[in-house]
Amino acid sequence: MGVDIYLKSGKMDFSCRLYWLSDLIEQYGQYQDRLPELGLDKKLSLKEIKQLLDFLKPCLQELKKDKKKQIAKYDSVYFKKIEGVSSSLKHLIALIKSKPIDKSVSFKLQGLVKKLGHFINTYSTDPNQEKAEIKESFNEKISLVQKIIPFLTKIASGRGSVTIS
């Protein structure tokens, strides 16, 4: 069982895992002077709610910037070269395996094929898959922050509560 943070304003409520919010604070907390203590079985005070809201607003912008930066890495020349190296290694291995080889050379080539196979694992990062995973991860974080901000805004005006349990 995990620890959740519950936001309630009137008839509307929202909850998410506390570790998710704690991870955001750990990652982006350096941009904020004061952050609320998020502990087990705690009800946040109005001051702490405002601190959390003041943290999440710029955090949303930072998440969007970081998403663009991370995706840009996988569009870089480096990953385009890695794709080329990986493709060349696979082609070389296929070529070596497809040709009949003299038995005296066969043993040495088996070792070479094995080493090339290890290099393929090193250079097998698929930039498109990595970008998709980054987008999914950041989109989830951005979506949750976008859902929490309106709740906290209402709650900060005195219409609701935030509890951790």
# chains A, B, ... in the order shown; residues from 1 in each chain; ligands from 1
>>> residues_around(residues="Lys80 (chain A)", least_positions_apart="6", cutoff="10 Å", atoms="only C-alpha atoms", output="VMD selection string")
chain A and resid 74 126 to 127
>>> residues_around(residues="region 149-163 of chain A", least_positions_apart="5", cutoff="8 Å", atoms="only C-alpha atoms", output="list in words")
Ile5, Tyr6, Leu7, Lys8, Ser9, Gly10, Phe14, Asp41, Lys42, Lys43, Leu44, Leu46, Ile49, Lys50, Leu53, Leu56 and Lys57 of chain A
>>> atom_distance(atom1="CA of Lys131 (chain A)", atom2="CA of Val145 (chain A)")
20.9 Å
>>> select_by_dssp(residues="region 4-88 of chain A", states="helix (DSSP H, G or I)", output="PyMOL selection string")
chain A and resi 18-31+46-73+77-88
>>> closest_residue(among="A:Val3, A:Pro58, A:Ile134, A:Pro100", to="Leu24 (chain A)", atoms="only C-alpha atoms")
A:Pro58
>>> atom_distance(atom1="CA of Lys47 (chain A)", atom2="CA of Leu60 (chain A)")
20.3 Å
>>> closest_residue(among="A:Ile164, A:Cys59, A:Ile93, A:Met12", to="Gly29 (chain A)", atoms="only C-alpha atoms")
A:Cys59
>>> select_by_dssp(residues="chain A", states="strand (DSSP E or B)", output="PyMOL selection string")
chain A and resi 4-9+12-17+42-43+161-164
>>> write_last_selection(atoms="N, CA and C atoms", output="PDB file, in the first residue's frame")
ATOM      1  N   ASP A   4      -0.959   8.272  -0.214  1.00  0.00           N
ATOM      2  CA  ASP A   4      -1.601   9.164  -1.178  1.00  0.00           C
ATOM      3  C   ASP A   4      -1.768  10.550  -0.595  1.00  0.00           C
ATOM      4  N   ILE A   5      -1.865  11.521  -1.505  1.00  0.00           N
ATOM      5  CA  ILE A   5      -2.200  12.874  -1.110  1.00  0.00           C
ATOM      6  C   ILE A   5      -3.591  13.155  -1.704  1.00  0.00           C
ATOM      7  N   TYR A   6      -4.503  13.622  -0.859  1.00  0.00           N
ATOM      8  CA  TYR A   6      -5.899  13.839  -1.260  1.00  0.00           C
ATOM      9  C   TYR A   6      -6.198  15.329  -1.278  1.00  0.00           C
ATOM     10  N   LEU A   7      -6.762  15.798  -2.379  1.00  0.00           N
ATOM     11  CA  LEU A   7      -7.175  17.187  -2.509  1.00  0.00           C
ATOM     12  C   LEU A   7      -8.688  17.190  -2.629  1.00  0.00           C
ATOM     13  N   LYS A   8      -9.350  17.978  -1.797  1.00  0.00           N
ATOM     14  CA  LYS A   8     -10.805  18.024  -1.809  1.00  0.00           C
ATOM     15  C   LYS A   8     -11.247  19.480  -1.788  1.00  0.00           C
ATOM     16  N   SER A   9     -12.118  19.826  -2.739  1.00  0.00           N
ATOM     17  CA  SER A   9     -12.684  21.160  -2.810  1.00  0.00           C
ATOM     18  C   SER A   9     -14.153  21.020  -3.191  1.00  0.00           C
ATOM     19  N   MET A  12     -15.743  18.158  -5.492  1.00  0.00           N
ATOM     20  CA  MET A  12     -14.684  17.623  -6.349  1.00  0.00           C
ATOM     21  C   MET A  12     -13.501  17.172  -5.496  1.00  0.00           C
ATOM     22  N   ASP A  13     -12.904  16.062  -5.906  1.00  0.00           N
ATOM     23  CA  ASP A  13     -11.704  15.622  -5.209  1.00  0.00           C
ATOM     24  C   ASP A  13     -10.733  15.007  -6.210  1.00  0.00           C
ATOM     25  N   PHE A  14      -9.492  14.905  -5.772  1.00  0.00           N
ATOM     26  CA  PHE A  14      -8.427  14.377  -6.612  1.00  0.00           C
ATOM     27  C   PHE A  14      -7.386  13.761  -5.689  1.00  0.00           C
ATOM     28  N   SER A  15      -6.780  12.670  -6.125  1.00  0.00           N
ATOM     29  CA  SER A  15      -5.710  12.072  -5.330  1.00  0.00           C
ATOM     30  C   SER A  15      -4.626  11.520  -6.244  1.00  0.00           C
ATOM     31  N   CYS A  16      -3.429  11.462  -5.704  1.00  0.00           N
ATOM     32  CA  CYS A  16      -2.308  10.858  -6.411  1.00  0.00           C
ATOM     33  C   CYS A  16      -1.319  10.331  -5.379  1.00  0.00           C
ATOM     34  N   ARG A  17      -0.364   9.579  -5.825  1.00  0.00           N
ATOM     35  CA  ARG A  17       0.638   9.014  -4.936  1.00  0.00           C
ATOM     36  C   ARG A  17       1.555  10.121  -4.424  1.00  0.00           C
ATOM     37  N   LYS A  42      -0.959  13.682   7.562  1.00  0.00           N
ATOM     38  CA  LYS A  42      -0.846  15.114   7.782  1.00  0.00           C
ATOM     39  C   LYS A  42      -1.907  15.847   6.976  1.00  0.00           C
ATOM     40  N   LYS A  43      -2.432  16.902   7.557  1.00  0.00           N
ATOM     41  CA  LYS A  43      -3.330  17.798   6.841  1.00  0.00           C
ATOM     42  C   LYS A  43      -2.556  19.094   6.633  1.00  0.00           C
ATOM     43  N   SER A 161      -9.467  21.117   1.315  1.00  0.00           N
ATOM     44  CA  SER A 161      -8.393  20.636   2.180  1.00  0.00           C
ATOM     45  C   SER A 161      -7.457  19.721   1.402  1.00  0.00           C
ATOM     46  N   VAL A 162      -6.255  19.565   1.963  1.00  0.00           N
ATOM     47  CA  VAL A 162      -5.269  18.654   1.417  1.00  0.00           C
ATOM     48  C   VAL A 162      -4.778  17.781   2.552  1.00  0.00           C
ATOM     49  N   THR A 163      -4.969  16.473   2.403  1.00  0.00           N
ATOM     50  CA  THR A 163      -4.529  15.543   3.443  1.00  0.00           C
ATOM     51  C   THR A 163      -3.644  14.458   2.831  1.00  0.00           C
ATOM     52  N   ILE A 164      -2.757  13.959   3.674  1.00  0.00           N
ATOM     53  CA  ILE A 164      -1.858  12.887   3.259  1.00  0.00           C
ATOM     54  C   ILE A 164      -2.101  11.692   4.163  1.00  0.00           C
TER      55      ILE A 164
END
>>> closest_residue(among="A:Tyr28, A:Leu21, A:Leu35, A:Lys114", to="Leu89 (chain A)", atoms="only C-alpha atoms")
A:Lys114
>>> closest_residue(among="A:Lys141, A:His118, A:Lys73, A:Lys67", to="Lys90 (chain A)", atoms="only C-alpha atoms")
A:His118
